[in-house]
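Source file: coords.txt; contents: compact mmCIF, C-alpha atoms and all ligand atoms.
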```txt
# COMPACT_ATOMS: atom_id res chain seq x y z
CA MET G 1 1.57 -33.85 42.93
CA SER G 2 -1.89 -35.30 43.24
CA PRO G 3 -3.51 -36.22 39.91
CA ALA G 4 -6.50 -34.09 40.92
CA THR G 5 -4.42 -30.91 40.85
CA ALA G 6 -2.54 -31.77 37.65
CA GLN G 7 -3.41 -29.30 34.88
CA PRO G 8 -1.59 -28.93 31.54
CA ALA G 9 0.99 -26.12 31.66
CA THR G 10 -0.13 -23.40 29.27
CA ASP G 11 1.02 -20.07 27.97
CA ARG G 12 4.45 -20.18 29.56
CA SER G 13 3.15 -20.94 33.03
CA PRO G 14 5.69 -23.09 34.89
CA GLY G 15 5.29 -26.82 34.41
CA LEU G 16 6.50 -29.74 36.46
CA LEU G 17 9.05 -32.04 34.88
CA PRO G 18 9.31 -35.17 37.04
CA HIS G 19 12.84 -36.51 37.63
CA GLU G 20 12.10 -39.62 35.62
CA ARG G 21 11.15 -37.48 32.59
CA LEU G 22 14.34 -35.40 32.47
CA GLN G 23 15.55 -37.71 29.69
CA HIS G 24 12.61 -36.52 27.59
CA LEU G 25 14.05 -33.01 27.71
CA LEU G 26 17.46 -34.27 26.52
CA ASP G 27 15.78 -36.28 23.76
CA ALA G 28 13.74 -33.27 22.62
CA LEU G 29 16.90 -31.14 22.45
CA SER G 30 18.74 -33.84 20.47
CA ARG G 31 15.83 -34.15 18.04
CA SER G 32 15.98 -30.38 17.54
CA GLY G 33 19.61 -30.72 16.44
CA TYR G 34 21.48 -29.83 19.62
CA GLU G 35 24.43 -31.66 21.08
CA CYS G 36 23.73 -31.85 24.82
CA ILE G 37 26.44 -30.71 27.22
CA GLY G 38 25.88 -31.37 30.90
CA PRO G 39 27.64 -31.75 34.22
CA LYS G 40 29.52 -34.98 34.86
CA LEU G 41 31.57 -36.14 37.79
CA ARG G 42 35.10 -36.75 36.58
CA ASP G 43 38.46 -36.77 38.38
CA GLY G 44 36.82 -35.62 41.61
CA ALA G 45 35.14 -32.53 40.14
CA ILE G 46 32.01 -31.56 38.22
CA LEU G 47 32.85 -30.82 34.58
CA TYR G 48 30.68 -29.98 31.59
CA GLU G 49 30.92 -32.56 28.83
CA HIS G 50 28.92 -34.22 26.07
CA ILE G 51 26.00 -36.25 27.48
CA ASP G 52 23.45 -38.57 25.88
CA SER G 53 21.67 -39.77 28.96
CA VAL G 54 20.56 -38.39 32.32
CA ALA G 55 22.34 -41.38 33.85
CA GLU G 56 25.57 -39.50 33.16
CA LEU G 57 24.51 -36.54 35.34
CA PRO G 58 25.82 -36.55 38.92
CA LEU G 59 23.22 -38.24 41.13
CA GLY G 60 23.17 -37.36 44.83
CA VAL G 61 26.48 -35.53 44.57
CA ALA G 62 27.23 -32.76 47.05
CA VAL G 63 30.26 -30.52 46.84
CA GLU G 64 32.01 -28.82 49.71
CA GLN G 65 34.15 -25.85 48.77
CA GLY G 66 36.41 -23.51 50.70
CA PRO G 67 39.50 -21.42 50.02
CA GLY G 68 41.84 -23.75 48.12
CA SER G 69 39.56 -26.76 48.51
CA TYR G 70 36.90 -28.65 46.55
CA ARG G 71 35.58 -31.95 47.85
CA VAL G 72 32.88 -34.18 46.39
CA ASP G 73 30.62 -36.20 48.70
CA MET G 74 27.98 -38.78 47.81
CA THR G 75 24.53 -38.54 49.41
CA ASP G 76 21.33 -40.55 48.96
CA SER G 77 19.52 -37.56 47.45
CA ARG G 78 17.68 -38.05 44.13
CA ARG G 79 18.82 -34.65 43.00
CA ARG G 80 21.25 -34.22 40.13
CA PHE G 81 22.04 -30.52 40.59
CA GLY G 82 22.49 -30.27 44.38
CA TRP G 83 25.89 -28.59 44.13
CA ALA G 84 27.03 -25.07 43.20
CA ASN G 85 29.64 -25.27 40.47
CA GLY G 86 32.81 -26.92 39.24
CA PRO G 87 35.97 -25.39 37.82
CA GLN G 88 34.33 -24.78 34.45
CA ALA G 89 31.55 -22.51 33.27
CA ILE G 90 30.22 -22.02 29.74
CA LYS G 91 33.36 -20.09 28.70
CA PRO G 92 35.39 -22.91 27.09
CA PHE G 93 32.51 -23.81 24.75
CA LEU G 94 32.44 -20.33 23.20
CA PHE G 95 35.92 -18.95 23.79
CA ALA G 96 38.07 -22.00 23.08
CA PRO G 97 41.17 -22.44 25.28
CA ARG G 98 43.23 -22.83 22.10
CA GLU G 99 42.22 -22.45 18.46
CA ILE G 100 43.54 -21.63 15.02
CA LEU G 101 42.18 -18.32 13.71
CA TRP G 102 43.68 -18.32 10.23
CA ARG G 103 46.27 -19.87 7.97
CA ALA G 104 48.73 -17.82 5.93
CA THR G 105 50.18 -19.38 2.77
CA GLN G 106 52.88 -18.01 0.52
CA ARG G 107 52.20 -18.33 -3.21
CA GLU G 108 54.93 -19.01 -5.76
CA ASP G 109 55.06 -15.30 -6.66
CA GLY G 110 55.76 -14.49 -3.00
CA THR G 111 52.35 -12.99 -2.18
CA LEU G 112 50.56 -14.15 0.96
CA VAL G 113 47.04 -15.56 1.14
CA PHE G 114 45.13 -15.55 4.41
CA ASP G 115 42.36 -18.12 5.00
CA ALA G 116 40.08 -17.61 7.96
CA ARG G 117 39.47 -20.83 9.85
CA PRO G 118 35.85 -20.65 11.06
CA PRO G 119 35.34 -23.36 13.66
CA ALA G 120 33.27 -26.38 12.71
CA CYS G 121 30.58 -26.33 15.33
CA LYS G 122 27.32 -28.01 16.11
CA PRO G 123 24.61 -26.14 18.05
CA LEU G 124 25.06 -26.88 21.75
CA ALA G 125 22.50 -27.15 24.53
CA VAL G 126 24.14 -26.57 27.89
CA ILE G 127 22.17 -28.20 30.72
CA GLY G 128 22.66 -26.94 34.26
CA ALA G 129 24.09 -23.45 33.71
CA ARG G 130 23.87 -21.33 36.87
CA ALA G 131 22.84 -17.71 37.27
CA CYS G 132 26.47 -16.65 37.73
CA ASP G 133 27.39 -18.46 34.50
CA LEU G 134 24.67 -16.57 32.62
CA ALA G 135 25.86 -13.23 34.02
CA ALA G 136 29.39 -14.15 32.91
CA LEU G 137 28.08 -15.12 29.48
CA ALA G 138 26.43 -11.71 29.11
CA LEU G 139 29.79 -10.10 29.88
CA GLN G 140 31.66 -12.30 27.43
CA ASP G 141 29.03 -11.39 24.81
CA LYS G 142 29.80 -7.71 25.38
CA HIS G 143 33.49 -8.35 24.95
CA PHE G 144 33.44 -10.70 21.96
CA LEU G 145 30.37 -9.43 20.11
CA GLY G 146 30.26 -5.73 21.04
CA GLY G 147 32.20 -3.06 19.17
CA THR G 148 33.05 -2.91 15.51
CA CYS G 149 34.90 -6.24 15.15
CA PRO G 150 32.85 -9.08 16.63
CA ASP G 151 34.74 -12.34 16.99
CA PRO G 152 33.40 -14.60 14.18
CA GLY G 153 34.17 -17.91 15.92
CA TYR G 154 32.53 -16.83 19.16
CA ALA G 155 29.54 -15.42 17.23
CA ARG G 156 29.04 -18.69 15.39
CA ARG G 157 29.12 -20.80 18.51
CA ARG G 158 26.99 -18.32 20.45
CA ASP G 159 24.32 -18.32 17.75
CA GLY G 160 23.69 -22.02 18.19
CA LEU G 161 23.73 -22.01 21.99
CA PHE G 162 20.62 -23.20 23.86
CA ILE G 163 20.67 -22.79 27.61
CA VAL G 164 18.87 -24.87 30.20
CA ALA G 165 19.62 -23.03 33.45
CA VAL G 166 19.19 -24.61 36.86
CA HIS G 167 18.57 -22.22 39.76
CA CYS G 168 21.24 -22.73 42.40
CA SER G 169 19.84 -24.55 45.44
CA HIS G 170 23.08 -25.47 47.24
CA PRO G 171 25.47 -22.49 47.08
CA ALA G 172 29.02 -23.25 48.16
CA GLN G 173 30.73 -21.57 51.06
CA THR G 174 32.75 -19.70 48.45
CA CYS G 175 29.75 -18.29 46.53
CA PHE G 176 28.82 -14.61 46.74
CA CYS G 177 26.58 -14.09 43.70
CA ALA G 178 23.88 -12.56 45.93
CA SER G 179 26.25 -9.69 46.76
CA THR G 180 27.12 -9.02 43.12
CA GLY G 181 23.44 -9.20 42.12
CA ASP G 182 23.99 -12.12 39.72
CA GLY G 183 22.28 -15.03 41.49
CA PRO G 184 21.41 -17.48 42.88
CA ARG G 185 18.23 -17.43 40.76
CA ALA G 186 18.62 -17.14 36.99
CA THR G 187 16.41 -14.27 35.82
CA SER G 188 17.39 -13.86 32.15
CA GLY G 189 19.60 -15.23 29.42
CA PHE G 190 18.14 -18.76 29.39
CA ASP G 191 15.85 -20.69 27.07
CA ILE G 192 14.56 -22.93 29.85
CA ALA G 193 15.10 -22.58 33.60
CA LEU G 194 14.63 -25.42 36.07
CA ALA G 195 14.21 -25.29 39.84
CA GLU G 196 15.07 -28.73 41.17
CA LEU G 197 12.82 -30.04 43.94
CA ASP G 198 12.70 -33.50 45.48
CA ASP G 199 9.72 -34.43 43.30
CA GLY G 200 10.97 -32.98 40.01
CA PHE G 201 11.78 -29.72 38.29
CA VAL G 202 9.67 -26.59 38.10
CA ALA G 203 10.29 -25.67 34.48
CA GLU G 204 9.75 -22.29 32.84
CA SER G 205 10.71 -20.98 29.42
CA GLY G 206 12.67 -17.81 28.74
CA SER G 207 12.48 -17.77 24.93
CA ASP G 208 10.22 -18.93 22.11
CA ARG G 209 12.47 -21.87 21.31
CA GLY G 210 12.51 -22.82 25.00
CA ALA G 211 8.71 -22.60 25.08
CA ALA G 212 8.51 -24.81 21.97
CA ILE G 213 10.65 -27.51 23.61
CA LEU G 214 8.58 -27.40 26.82
CA ASP G 215 5.29 -27.43 24.88
CA GLY G 216 6.44 -30.62 23.21
CA LEU G 217 6.89 -32.26 26.62
CA HIS G 218 3.21 -31.70 27.56
CA LEU G 219 3.99 -31.01 31.21
CA SER G 220 1.42 -30.59 33.93
CA SER G 221 1.33 -27.22 35.64
CA ALA G 222 3.45 -26.89 38.75
CA THR G 223 1.26 -26.68 41.84
CA THR G 224 1.20 -23.64 44.07
CA ALA G 225 3.05 -25.63 46.73
CA GLN G 226 5.79 -26.49 44.25
CA LEU G 227 6.10 -22.88 43.11
CA VAL G 228 6.34 -21.72 46.71
CA ALA G 229 8.96 -24.38 47.48
CA ALA G 230 11.04 -23.27 44.48
CA GLU G 231 10.75 -19.64 45.55
CA GLU G 232 11.69 -20.47 49.14
CA GLN G 233 14.68 -22.51 47.97
CA GLY G 234 15.94 -19.50 45.99
CA ARG G 235 15.54 -17.19 48.98
CA HIS G 236 17.38 -19.63 51.23
CA SER G 237 20.24 -19.97 48.71
CA SER G 238 20.69 -16.24 48.83
CA GLU G 239 20.46 -15.90 52.61
CA VAL G 240 23.07 -18.57 53.40
CA GLN G 241 25.82 -16.86 51.44
CA ARG G 242 28.34 -15.40 53.85
CA ARG G 243 30.91 -13.87 51.55
CA ALA G 244 30.48 -10.49 49.84
CA LEU G 245 32.54 -7.90 48.07
CA PRO G 246 32.68 -4.53 49.88
CA GLY G 247 30.60 -2.92 47.12
CA ARG G 248 29.48 -3.37 43.52
CA ASN G 249 31.68 -0.58 42.16
CA LEU G 250 35.17 -0.51 43.66
CA GLN G 251 36.76 1.41 40.80
CA ALA G 252 37.55 4.63 42.68
CA SER G 253 38.62 2.86 45.82
CA LEU G 254 40.96 0.43 44.06
CA PHE G 255 42.61 3.11 41.94
CA ALA G 256 43.09 5.28 45.05
CA ASN G 257 44.94 2.41 46.72
CA LEU G 258 47.49 1.34 44.12
CA GLU G 259 50.32 1.54 46.67
CA HIS G 260 48.45 -0.23 49.49
CA PRO G 261 50.80 -2.58 51.42
CA ARG G 262 48.27 -5.42 50.99
CA TRP G 263 49.34 -5.90 47.36
CA GLN G 264 52.77 -6.99 48.61
CA GLU G 265 51.29 -9.18 51.35
CA VAL G 266 49.09 -11.08 48.91
CA ALA G 267 52.00 -11.36 46.46
CA GLU G 268 54.01 -13.19 49.12
CA ARG G 269 51.35 -15.94 49.10
CA CYS G 270 50.39 -15.90 45.43
CA LEU G 271 52.17 -18.44 43.21
CA SER G 272 51.38 -16.53 39.98
CA CYS G 273 49.97 -19.82 38.67
CA GLY G 274 47.02 -18.26 36.82
CA ASN G 275 44.48 -20.82 38.09
CA CYS G 276 42.15 -18.01 39.15
CA THR G 277 42.05 -16.58 35.64
CA SER G 278 41.58 -19.99 34.00
CA VAL G 279 38.53 -20.85 36.10
CA CYS G 280 37.07 -17.33 36.02
CA PRO G 281 34.05 -17.35 33.68
CA THR G 282 34.58 -13.71 32.67
CA CYS G 283 38.36 -13.56 32.02
CA PHE G 284 39.03 -13.20 28.31
CA CYS G 285 42.74 -12.38 27.98
CA HIS G 286 44.60 -14.36 25.38
CA SER G 287 47.86 -14.45 23.49
CA GLU G 288 48.32 -15.00 19.77
CA ALA G 289 51.24 -16.65 17.99
CA GLU G 290 52.31 -17.70 14.49
CA VAL G 291 53.04 -21.40 14.24
CA PRO G 292 55.09 -21.91 11.06
CA LYS G 293 54.88 -25.17 9.13
CA LEU G 294 58.18 -26.90 8.50
CA ASP G 295 57.74 -26.50 4.71
CA GLY G 296 58.27 -22.75 5.20
CA ASP G 297 55.32 -21.97 2.90
CA SER G 298 52.55 -21.57 5.43
CA SER G 299 51.84 -20.79 9.04
CA LEU G 300 48.91 -21.07 11.42
CA HIS G 301 47.79 -18.18 13.59
CA GLU G 302 46.91 -19.60 16.98
CA ARG G 303 45.02 -18.00 19.86
CA GLU G 304 45.36 -19.35 23.39
CA TRP G 305 44.04 -18.28 26.81
CA ASP G 306 46.51 -16.10 28.66
CA SER G 307 46.51 -14.62 32.14
CA CYS G 308 47.43 -11.43 34.02
CA PHE G 309 49.87 -13.65 35.91
CA THR G 310 52.16 -14.66 33.03
CA GLN G 311 55.30 -12.75 32.21
CA GLY G 312 54.46 -12.66 28.51
CA HIS G 313 51.11 -11.00 29.10
CA SER G 314 52.77 -7.72 30.07
CA TYR G 315 55.78 -7.97 27.75
CA ILE G 316 55.95 -4.90 25.52
CA HIS G 317 58.83 -3.92 23.23
CA GLY G 318 61.72 -5.49 25.06
CA PHE G 319 60.58 -5.44 28.67
CA THR G 320 57.88 -6.68 31.00
CA VAL G 321 55.79 -3.81 32.34
CA ARG G 322 54.51 -5.86 35.28
CA PRO G 323 57.69 -7.58 36.45
CA ASP G 324 56.49 -9.17 39.69
CA THR G 325 53.55 -10.90 41.36
CA ARG G 326 52.54 -7.75 43.25
CA THR G 327 51.89 -5.81 40.06
CA ARG G 328 50.29 -8.80 38.31
CA TYR G 329 47.85 -9.53 41.14
CA ARG G 330 47.09 -5.80 41.33
CA GLN G 331 46.41 -5.75 37.59
CA TRP G 332 43.99 -8.67 37.93
CA LEU G 333 42.00 -7.18 40.78
CA THR G 334 41.97 -3.56 39.63
CA HIS G 335 40.86 -4.57 36.14
CA LYS G 336 38.32 -7.17 37.24
CA LEU G 337 36.69 -5.06 39.97
CA GLY G 338 37.58 -1.56 38.75
CA GLY G 339 38.49 -1.08 35.08
CA TRP G 340 35.58 -3.22 33.84
CA HIS G 341 33.14 -0.51 34.95
CA ALA G 342 34.57 1.87 32.35
CA GLN G 343 34.81 -0.85 29.68
CA TYR G 344 31.61 -2.84 30.22
CA GLY G 345 29.48 -0.83 32.65
CA ARG G 346 29.81 -3.22 35.55
CA SER G 347 32.31 -5.22 37.58
CA GLY G 348 33.91 -8.25 35.94
CA CYS G 349 33.08 -10.45 38.92
CA VAL G 350 29.82 -12.42 39.06
CA GLY G 351 30.45 -13.93 42.49
CA CYS G 352 30.90 -17.57 41.41
CA GLY G 353 33.72 -18.10 43.92
CA ARG G 354 35.71 -20.35 41.58
CA CYS G 355 38.92 -18.34 41.97
CA ILE G 356 38.71 -18.90 45.74
CA SER G 357 38.20 -22.68 45.58
CA TRP G 358 40.73 -23.32 42.84
CA CYS G 359 43.51 -21.08 44.16
CA PRO G 360 46.11 -23.56 45.44
CA VAL G 361 46.95 -21.29 48.39
CA GLY G 362 43.36 -20.24 49.11
CA ILE G 363 43.58 -16.53 48.29
CA ASP G 364 40.09 -15.09 48.63
CA ILE G 365 39.15 -12.22 46.31
CA THR G 366 36.51 -10.93 48.76
CA GLU G 367 39.02 -10.81 51.62
CA GLU G 368 41.60 -8.99 49.48
CA ALA G 369 39.02 -6.48 48.24
CA HIS G 370 37.93 -5.75 51.82
CA ALA G 371 41.53 -5.35 52.96
CA ILE G 372 42.36 -2.94 50.13
CA CYS G 373 39.12 -0.99 49.77
CA GLY G 374 37.87 -1.05 53.36
CA PRO G 375 34.18 -0.47 54.15
CA GLN G 376 32.38 1.30 51.32
CA PRO G 377 29.85 4.11 51.81
S1 LIG M 1 36.74 -13.13 39.95
FE1 LIG M 1 36.48 -15.10 41.00
S2 LIG M 1 34.44 -15.02 41.94
FE2 LIG M 1 34.56 -13.36 40.43
S3 LIG M 1 33.70 -14.22 38.53
FE3 LIG M 1 35.92 -14.56 38.45
S4 LIG M 1 36.23 -16.59 39.35
FE4 LIG M 1 34.16 -15.95 39.89
S1 LIG M 2 45.74 -15.78 43.32
FE1 LIG M 2 45.90 -18.03 43.63
S2 LIG M 2 45.13 -18.93 41.72
FE2 LIG M 2 45.57 -16.76 41.29
S3 LIG M 2 47.67 -16.75 40.50
FE3 LIG M 2 47.82 -16.41 42.72
S4 LIG M 2 48.12 -18.46 43.61
FE4 LIG M 2 47.37 -18.78 41.49
```
Before anything else, please render the file you have as C-alpha cells.
Amino acid sequence: MSPATAQPATDRSPGLLPHERLQHLLDALSRSGYECIGPKLRDGAILYEHIDSVAELPLGVAVEQGPGSYRVDMTDSRRRFGWANGPQAIKPFLFAPREILWRATQREDGTLVFDARPPACKPLAVIGARACDLAALALQDKHFLGGTCPDPGYARRRDGLFIVAVHCSHPAQTCFCASTGDGPRATSGFDIALAELDDGFVAESGSDRGAAILDGLHLSSATTAQLVAAEEQGRHSSEVQRRALPGRNLQASLFANLEHPRWQEVAERCLSCGNCTSVCPTCFCHSEAEVPKLDGDSSLHEREWDSCFTQGHSYIHGFTVRPDTRTRYRQWLTHKLGGWHAQYGRSGCVGCGRCISWCPVGIDITEEAHAICGPQP
C-alpha cells in the first residue's frame, strides 16, 4: 500500500494488518487475558495448539487433500493460512474428547455425595478458524447450550472463546462448503475476520471486543484494491469447489431409501473405524462410564467421544440394535444429513470434507449421498 493512500481504519471499516504485524495481534490477545491457539504443522498435518509466536504458524505450507489422503507441501509463499483445514476443528477445545463430569463419594453413613467437576479453563483465542468451523460451532452451540439442560463445561469454555477467523483462500479438493452454504467466507460468529493477501491481512471486526482489539492495533484502512482482491479471492475459493451434496435437505430422500443396496456396498469398504466421526466438527455423540476408585468409596463419572460406528453406541438392554457396518453407516448418514433437520433445523454437514480426507479407505460422503438420494428436484 502506498503511504499516500494509508488512512487510519475507523468505525469498523476493514484495516490492513501487514504480515510482519501479525504478532501484535497475538500480543494484544494475550494482554487481554486469552491463551492463543493457532495452527501448527505437526506429524505431517495442521493441528490447533497453544502458540506464543507467529513463528509457530505454518509458513508457506500448502496441503493437498483427496479421498483418504492428506499431504503437506512446502512453498516459498509468505502466507501462513494458504491451506484449507487439518483433522481438527474447534470442537476438541469446547467438547473435550475425554473429561470427568462429576465425582461420587460414599459417606460413612452410606449416603452418596455428588461433586460436579467444572473444568478449569482459561479464555481461549482461536486463530485461523474457517467458515465451516464457525458453522459447526453454531451447531454444537445448539446441541450443548440449547434446551433446558445446557452443558456447564461447554458453556464455561464457550463463554471465554474469542475467534479470529481466516477466510478460506485455498479450498481443498475435498471441500464443499459452498454447496452447503457455510463457506468459504466467514460471515458471522467471529470476533475478528482476516482475509490473507500477499501483502498482509484485510482485517474486520465482528463484535465489540473484536473491534476493541483492532482499534488498539491502529491499523491503516485497507485500500480499495486490497478489498477487491480479498473479495475476488473469496469468489474464486467458492468457484473452484467441485464436490457438492445433492441438496441441502436430504431428509425425505434418505428416509425413503433405507433399504437401498448402496448401504451394503459402502459397508463392504467401510472399516467401521470411526475416523469420520472423530474429525467431523459437528458430531457430538459420546459415552459415559463410572470409573470406580480402588478404595471403593468413590467413583468418577467420565464422558468420552463415541461414534455411530462402535458396537457399544447402539447397545441397549442386552443387544446391539445396529449389529453391522451397513446399519451403522446408514445411521451416520441418515442422522447427519436427514435427522438433524428435525432436531436442529438444518443438515449436520458443513462441507469441510474432513471425513473424506481422513477416511482410510477414501469413502466420500458426497458420492454416497448422490448414489443413495439421486438428483434432487
Ligand atoms: S460430515 Fe464430513 S464434510 Fe460434513 S461436516 Fe462432518 S466431516 Fe465435514
Ligand atoms: S466411512 Fe471411512 S472413516 Fe468412517 S468408519 Fe468407515 S472406514 Fe472409517
Legend entry - Residue nearest ligand LIG 2 (chain M) - candidates G:Ile356, G:Ala212, G:Leu161, G:Cys270, atoms counted: all atoms listed in the file: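 Checking each candidate against ligand LIG 2 (chain M), we get G:Cys270 as the closest.
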Inset, instruction - Would you mind telling me which residue in G:Phe309, G:Tyr315, G:Trp340, G:Trp83 lies nearest to ligand LIG 2 (chain M) when using all atoms listed in the file? - result: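 Nearest candidate to ligand LIG 2 (chain M) out of G:Phe309, G:Tyr315, G:Trp340, G:Trp83: G:Phe309.
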Inset, instruction - Work out how far apart atom CA of Val126 of chain G and atom CA of Leu41 of chain G are and give it in Å to one decimal. - result: 15.6 Å
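For the pair atom CA of His335 of chain G and atom CA of Phe144 of chain G, the separation is 17.1 Å.
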Inset, instruction - Counting only C-alpha atoms and all ligand atoms, name the residues that have an atom within 8 Å of an atom of ligand LIG 2 (chain M); the answer should be given as JSON, numbers by chain. - result: {"G": [267, 269, 270, 271, 272, 273, 274, 275, 276, 277, 309, 329, 355, 356, 358, 359, 360, 361, 362, 363, 364]}
Inset, instruction - Kindly indicate which residue among G:Arg157, G:Lys91, G:His313, G:Arg117 lies nearest to ligand LIG 1 (chain M), using only C-alpha atoms and all ligand atoms for the distances. - result: G:Lys91
Inset, instruction - May I ask you to write as an MDAnalysis selection string all residues lying at most 6 Å from ligand LIG 1 (chain M), with all atoms listed in the file counted? - result: chainID G and resid 279:282 349:355
Keeping C-alpha atoms for every residue in the selection just given, could you write it to a file as an mmCIF file, keeping the file's coordinate frame?
```cif
data_model
loop_
_atom_site.group_PDB
_atom_site.id
_atom_site.type_symbol
_atom_site.label_atom_id
_atom_site.label_comp_id
_atom_site.auth_asym_id
_atom_site.auth_seq_id
_atom_site.Cartn_x
_atom_site.Cartn_y
_atom_site.Cartn_z
ATOM 1 C CA VAL G 279 38.530 -20.850 36.100
ATOM 2 C CA CYS G 280 37.070 -17.330 36.020
ATOM 3 C CA PRO G 281 34.050 -17.350 33.680
ATOM 4 C CA THR G 282 34.580 -13.710 32.670
ATOM 5 C CA CYS G 349 33.080 -10.450 38.920
ATOM 6 C CA VAL G 350 29.820 -12.420 39.060
ATOM 7 C CA GLY G 351 30.450 -13.930 42.490
ATOM 8 C CA CYS G 352 30.900 -17.570 41.410
ATOM 9 C CA GLY G 353 33.720 -18.100 43.920
ATOM 10 C CA ARG G 354 35.710 -20.350 41.580
ATOM 11 C CA CYS G 355 38.920 -18.340 41.970
#
```
Legend entry - Given all atoms listed in the file as the counted atoms, nearest of G:Gly86, G:Pro292, G:Gly60, G:Pro123 to Gly44 of chain G: G:Gly86
Legend entry - Minimum-distance residue to Gln65 of chain G, chosen among G:Ala135, G:Ala129, G:Cys175, G:Ala116 (using all atoms listed in the file): G:Cys175
